[in-house]
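Asker: Pasting in a structure now, in structure tokens, and then I'll have a few things to ask.
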Amino acid sequence: MNDANPAIAARATELTKIYGQGETRVTALDGVSVEFRPGEFTAIMGPSGSGKSTLMLCMAGLDTFTSGSVQIGATELTGLSDKRLTRLRRDKIGFVFQAFNLLPVLNATENITLPTDIARRKADSDWLGQVVESLGLADRLTHRPSQLSGGQQQRVAIARALAARPEIIFADEPTGNLDSRSGAEVLRFLRSAVRDLGQTVVMVTHDPAAAATTDRVVFLADGRIVDELRDPSAEAVLDRMKD
Ligand SMILES: Nc1ncnc2c1ncn2[C@@H]1O[C@H](COP(=O)(O)OP(=O)(O)OP(=O)(O)O)[C@@H](O)[C@H]1O
């Protein structure tokens, strides 16, 4: 944690990401500064190509950036060796993708603990118990992904991201592949990870109803933050999207 300001889970400062060169040069992020506080659920919205996924990938240490800085807790990403970056990703950052990325031959428990098993660390069983309980997975732990609904599979992916008790979870359209009922279910469980487990979640979404379940919506356009709504209603989000 940054001693001067302990109330930050992650922060980007003047973050810029340029892809390609010459004619193919694209400025995907153009000086983005944003903070995410512990225990807050944030939605990132914006038109296609506005830089939402790029922001998540750069902040999660999954892609490099051109200039600016990213802090996760007290740790500055720039200048970390590959080894330390890998460790930071493993210990402090959870990532949930649109595709669930579960291994078909492993059951739910094995999928959830795979990253900690690979790191040869023992997951905190009390914490795992709480995660499984709050995600409503207790009676599905011996099921393989093919025996679970899409919403349940995404909940397993969220439990896997929560297993190491990360500083922050980045979720890139976690409801994108789900029907509306499973999507609503996943949002309810993300919400409970924030409310009941004190986790910090940042989620990309195109859906105003999904955004309305969060504490705060940050709007991107052309690689810049152009607006922010607190305690959003779906109507307010829709109104803002029409601008
Ligand atoms: N690997 C890449 N190489 C070159 N350009 C890229 C690459 N990834 C993204 N871009 C470009 O960067 C810009 C931002 O892309 P990004 O995927 O972050 O947008 P997005 O807001 O997540 O879009 P969507 O809602 O369609 O997923 C786009 O113009 C995109 O074409």
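The chains in the structure tokens are called A, B, ... from first to last as shown; in each chain the residues are counted from 1, and the ligands are counted from 1 in the order shown.
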Pick out the residues sitting within 10 Å of Arg144 in chain A, and hand them over as a VMD selection string; count only C-alpha atoms, and ignore anything fewer than 5 positions along from it in its own chain.
Answerer: chain A and resid 102 to 111 153
Asker: List every residue of chain A that has an atom at most 10 Å from any atom of ligand 1, giving for each one its closest atom pair and the distance in Å to one decimal, counting only C-alpha atoms and all ligand atoms, sorted by chain and then by ascending residue number, as JSON lines.
Answerer:
```
{"residue": "A:Lys17", "atom": "CA", "partner": "ligand 1", "partner_atom_place_in_ligand_line": "12 (O)", "distance": 8.4}
{"residue": "A:Ile18", "atom": "CA", "partner": "ligand 1", "partner_atom_place_in_ligand_line": "12 (O)", "distance": 7.8}
{"residue": "A:Tyr19", "atom": "CA", "partner": "ligand 1", "partner_atom_place_in_ligand_line": "4 (C)", "distance": 4.7}
{"residue": "A:Gly20", "atom": "CA", "partner": "ligand 1", "partner_atom_place_in_ligand_line": "4 (C)", "distance": 6.0}
{"residue": "A:Gln21", "atom": "CA", "partner": "ligand 1", "partner_atom_place_in_ligand_line": "4 (C)", "distance": 9.5}
{"residue": "A:Thr24", "atom": "CA", "partner": "ligand 1", "partner_atom_place_in_ligand_line": "4 (C)", "distance": 7.6}
{"residue": "A:Arg25", "atom": "CA", "partner": "ligand 1", "partner_atom_place_in_ligand_line": "4 (C)", "distance": 7.6}
{"residue": "A:Val26", "atom": "CA", "partner": "ligand 1", "partner_atom_place_in_ligand_line": "12 (O)", "distance": 5.9}
{"residue": "A:Thr27", "atom": "CA", "partner": "ligand 1", "partner_atom_place_in_ligand_line": "12 (O)", "distance": 6.6}
{"residue": "A:Ala28", "atom": "CA", "partner": "ligand 1", "partner_atom_place_in_ligand_line": "12 (O)", "distance": 4.1}
{"residue": "A:Leu29", "atom": "CA", "partner": "ligand 1", "partner_atom_place_in_ligand_line": "14 (C)", "distance": 7.2}
{"residue": "A:Ile44", "atom": "CA", "partner": "ligand 1", "partner_atom_place_in_ligand_line": "21 (O)", "distance": 9.0}
{"residue": "A:Met45", "atom": "CA", "partner": "ligand 1", "partner_atom_place_in_ligand_line": "21 (O)", "distance": 7.7}
{"residue": "A:Gly46", "atom": "CA", "partner": "ligand 1", "partner_atom_place_in_ligand_line": "21 (O)", "distance": 6.1}
{"residue": "A:Pro47", "atom": "CA", "partner": "ligand 1", "partner_atom_place_in_ligand_line": "25 (O)", "distance": 5.8}
{"residue": "A:Ser48", "atom": "CA", "partner": "ligand 1", "partner_atom_place_in_ligand_line": "26 (O)", "distance": 3.5}
{"residue": "A:Gly49", "atom": "CA", "partner": "ligand 1", "partner_atom_place_in_ligand_line": "19 (O)", "distance": 3.4}
{"residue": "A:Ser50", "atom": "CA", "partner": "ligand 1", "partner_atom_place_in_ligand_line": "21 (O)", "distance": 3.8}
{"residue": "A:Gly51", "atom": "CA", "partner": "ligand 1", "partner_atom_place_in_ligand_line": "18 (O)", "distance": 3.2}
{"residue": "A:Lys52", "atom": "CA", "partner": "ligand 1", "partner_atom_place_in_ligand_line": "21 (O)", "distance": 3.9}
{"residue": "A:Ser53", "atom": "CA", "partner": "ligand 1", "partner_atom_place_in_ligand_line": "22 (O)", "distance": 3.7}
{"residue": "A:Thr54", "atom": "CA", "partner": "ligand 1", "partner_atom_place_in_ligand_line": "18 (O)", "distance": 3.7}
{"residue": "A:Leu55", "atom": "CA", "partner": "ligand 1", "partner_atom_place_in_ligand_line": "18 (O)", "distance": 6.4}
{"residue": "A:Met56", "atom": "CA", "partner": "ligand 1", "partner_atom_place_in_ligand_line": "18 (O)", "distance": 8.1}
{"residue": "A:Leu57", "atom": "CA", "partner": "ligand 1", "partner_atom_place_in_ligand_line": "18 (O)", "distance": 8.4}
{"residue": "A:Cys58", "atom": "CA", "partner": "ligand 1", "partner_atom_place_in_ligand_line": "18 (O)", "distance": 9.7}
{"residue": "A:Asp63", "atom": "CA", "partner": "ligand 1", "partner_atom_place_in_ligand_line": "1 (N)", "distance": 9.5}
{"residue": "A:Asp172", "atom": "CA", "partner": "ligand 1", "partner_atom_place_in_ligand_line": "22 (O)", "distance": 8.3}
{"residue": "A:Glu173", "atom": "CA", "partner": "ligand 1", "partner_atom_place_in_ligand_line": "27 (O)", "distance": 8.5}
{"residue": "A:Val204", "atom": "CA", "partner": "ligand 1", "partner_atom_place_in_ligand_line": "22 (O)", "distance": 7.9}
{"residue": "A:Thr205", "atom": "CA", "partner": "ligand 1", "partner_atom_place_in_ligand_line": "25 (O)", "distance": 8.2}
{"residue": "A:His206", "atom": "CA", "partner": "ligand 1", "partner_atom_place_in_ligand_line": "25 (O)", "distance": 7.3}
{"residue": "A:Leu220", "atom": "CA", "partner": "ligand 1", "partner_atom_place_in_ligand_line": "21 (O)", "distance": 7.6}
{"residue": "A:Ala221", "atom": "CA", "partner": "ligand 1", "partner_atom_place_in_ligand_line": "21 (O)", "distance": 8.0}
{"residue": "A:Asp222", "atom": "CA", "partner": "ligand 1", "partner_atom_place_in_ligand_line": "14 (C)", "distance": 7.8}
{"residue": "A:Gly223", "atom": "CA", "partner": "ligand 1", "partner_atom_place_in_ligand_line": "14 (C)", "distance": 7.0}
```
Asker: Go through A:Ala99, A:Ala138, A:Val34, A:Leu85 and flag the residue nearest Ser69 in chain A, using only C-alpha atoms for the distances.
Answerer: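 The closest residue to Ser69 in chain A is A:Val34.
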Asker: Report the residues of range 107-198 of chain A whose backbone DSSP state falls under alpha helix (DSSP H), written as an MDAnalysis selection string.
Answerer: chainID A and resid 108:118 125:134 150:162 180:195
Asker: Using C-alpha atoms, can you write the selected residues to a file as a CSV table (one decimal), in the first residue's frame?
Answerer:
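Result went into selection31.csv, see below:
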```
chain,number,residue,atom,x,y,z
A,108,ALA,CA,-14.9,-27.2,-9.7
A,109,THR,CA,-12.7,-27.4,-6.6
A,110,GLU,CA,-9.7,-28.4,-8.6
A,111,ASN,CA,-10.2,-25.6,-11.0
A,112,ILE,CA,-10.6,-23.1,-8.2
A,113,THR,CA,-7.4,-24.2,-6.5
A,114,LEU,CA,-5.4,-24.8,-9.7
A,115,PRO,CA,-3.4,-21.5,-9.5
A,116,THR,CA,-2.5,-21.9,-5.9
A,117,ASP,CA,-1.6,-25.6,-6.5
A,118,ILE,CA,0.6,-24.6,-9.4
A,125,SER,CA,-9.3,-23.1,3.6
A,126,ASP,CA,-11.4,-20.8,5.7
A,127,TRP,CA,-11.3,-18.2,3.0
A,128,LEU,CA,-12.0,-20.7,0.3
A,129,GLY,CA,-15.0,-21.9,2.3
A,130,GLN,CA,-16.3,-18.3,2.5
A,131,VAL,CA,-15.8,-17.8,-1.3
A,132,VAL,CA,-17.5,-21.0,-2.2
A,133,GLU,CA,-20.4,-20.2,0.1
A,134,SER,CA,-20.9,-16.7,-1.1
A,150,GLY,CA,-22.8,-21.2,-18.0
A,151,GLY,CA,-23.5,-19.1,-14.9
A,152,GLN,CA,-22.1,-21.7,-12.6
A,153,GLN,CA,-19.0,-22.1,-14.7
A,154,GLN,CA,-18.5,-18.3,-14.6
A,155,ARG,CA,-18.9,-18.4,-10.8
A,156,VAL,CA,-16.2,-21.1,-10.6
A,157,ALA,CA,-14.0,-18.8,-12.7
A,158,ILE,CA,-14.7,-16.0,-10.2
A,159,ALA,CA,-14.0,-18.2,-7.2
A,160,ARG,CA,-10.7,-19.1,-8.9
A,161,ALA,CA,-9.9,-15.4,-9.2
A,162,LEU,CA,-10.8,-14.8,-5.6
A,180,SER,CA,-29.7,-12.8,-19.1
A,181,ARG,CA,-30.7,-15.0,-16.1
A,182,SER,CA,-27.2,-16.5,-15.7
A,183,GLY,CA,-25.7,-13.0,-16.2
A,184,ALA,CA,-27.9,-11.6,-13.5
A,185,GLU,CA,-26.8,-14.4,-11.2
A,186,VAL,CA,-23.1,-13.8,-11.9
A,187,LEU,CA,-23.6,-10.1,-11.1
A,188,ARG,CA,-25.3,-10.9,-7.9
A,189,PHE,CA,-22.4,-13.0,-6.8
A,190,LEU,CA,-19.8,-10.4,-7.9
A,191,ARG,CA,-21.8,-8.0,-5.8
A,192,SER,CA,-21.6,-10.3,-2.8
A,193,ALA,CA,-17.9,-10.8,-3.3
A,194,VAL,CA,-17.6,-7.0,-2.8
A,195,ARG,CA,-20.2,-6.6,-0.1
```
Asker: Please, what distance in Å, to one decimal, runs between CA of Ile169 in chain A and CA of Gln199 in chain A?
Answerer: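 CA of Gln199 in chain A lies 7.8 Å from CA of Ile169 in chain A.
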Asker: When you look at Glu14 in chain A with a cut-off of 8 Å (counting only C-alpha atoms), what residues show up, excluding the ones that are within fewer than 5 positions of it in the same chain? I need them as a PDB file with N, CA and C atoms, in the first residue's frame.
Answerer:
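Wrote it out as result.pdb, contents follow:
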```
ATOM      1  N   ASP A  30      -5.043   7.012 -23.763  1.00  0.00           N
ATOM      2  CA  ASP A  30      -4.453   8.330 -24.005  1.00  0.00           C
ATOM      3  C   ASP A  30      -4.418   9.145 -22.705  1.00  0.00           C
ATOM      4  N   GLY A  31      -3.559   8.741 -21.788  1.00  0.00           N
ATOM      5  CA  GLY A  31      -3.410   9.498 -20.545  1.00  0.00           C
ATOM      6  C   GLY A  31      -4.538   9.243 -19.552  1.00  0.00           C
ATOM      7  N   VAL A  32      -4.801   7.991 -19.268  1.00  0.00           N
ATOM      8  CA  VAL A  32      -5.889   7.640 -18.344  1.00  0.00           C
ATOM      9  C   VAL A  32      -5.396   7.670 -16.893  1.00  0.00           C
ATOM     10  N   SER A  33      -6.077   8.447 -16.071  1.00  0.00           N
ATOM     11  CA  SER A  33      -5.802   8.425 -14.632  1.00  0.00           C
ATOM     12  C   SER A  33      -7.074   8.011 -13.912  1.00  0.00           C
ATOM     13  N   SER A  67       3.516   4.613 -21.649  1.00  0.00           N
ATOM     14  CA  SER A  67       3.987   5.550 -20.618  1.00  0.00           C
ATOM     15  C   SER A  67       2.937   5.680 -19.526  1.00  0.00           C
ATOM     16  N   GLY A  68       3.312   6.399 -18.470  1.00  0.00           N
ATOM     17  CA  GLY A  68       2.441   6.491 -17.307  1.00  0.00           C
ATOM     18  C   GLY A  68       2.780   5.397 -16.320  1.00  0.00           C
ATOM     19  N   SER A  69       1.920   5.219 -15.315  1.00  0.00           N
ATOM     20  CA  SER A  69       2.239   4.209 -14.317  1.00  0.00           C
ATOM     21  C   SER A  69       0.983   3.511 -13.804  1.00  0.00           C
TER      22      SER A  69
END
```
Asker: Please identify which residues in range 67-236 of chain A DSSP calls strand (DSSP E or B) from the backbone, and express them as an MDAnalysis selection string.
Answerer: chainID A and resid 67:72 75:76 93:96 168:172 201:204 216:221 224:230
Asker: Which residue out of A:Thr42, A:Ile72, A:Ile8, A:Phe170 has the minimum interatomic distance to Phe219 in chain A when only C-alpha atoms are used?
Answerer: A:Thr42
Asker: Give me the residues near Leu80 in chain A as a ChimeraX atom specification, where near means some atom within 12 Å (using only C-alpha atoms) and where sequence neighbours in that chain fewer than 5 positions away do not count.
Answerer: /A:61,64,69-72,75,85-89
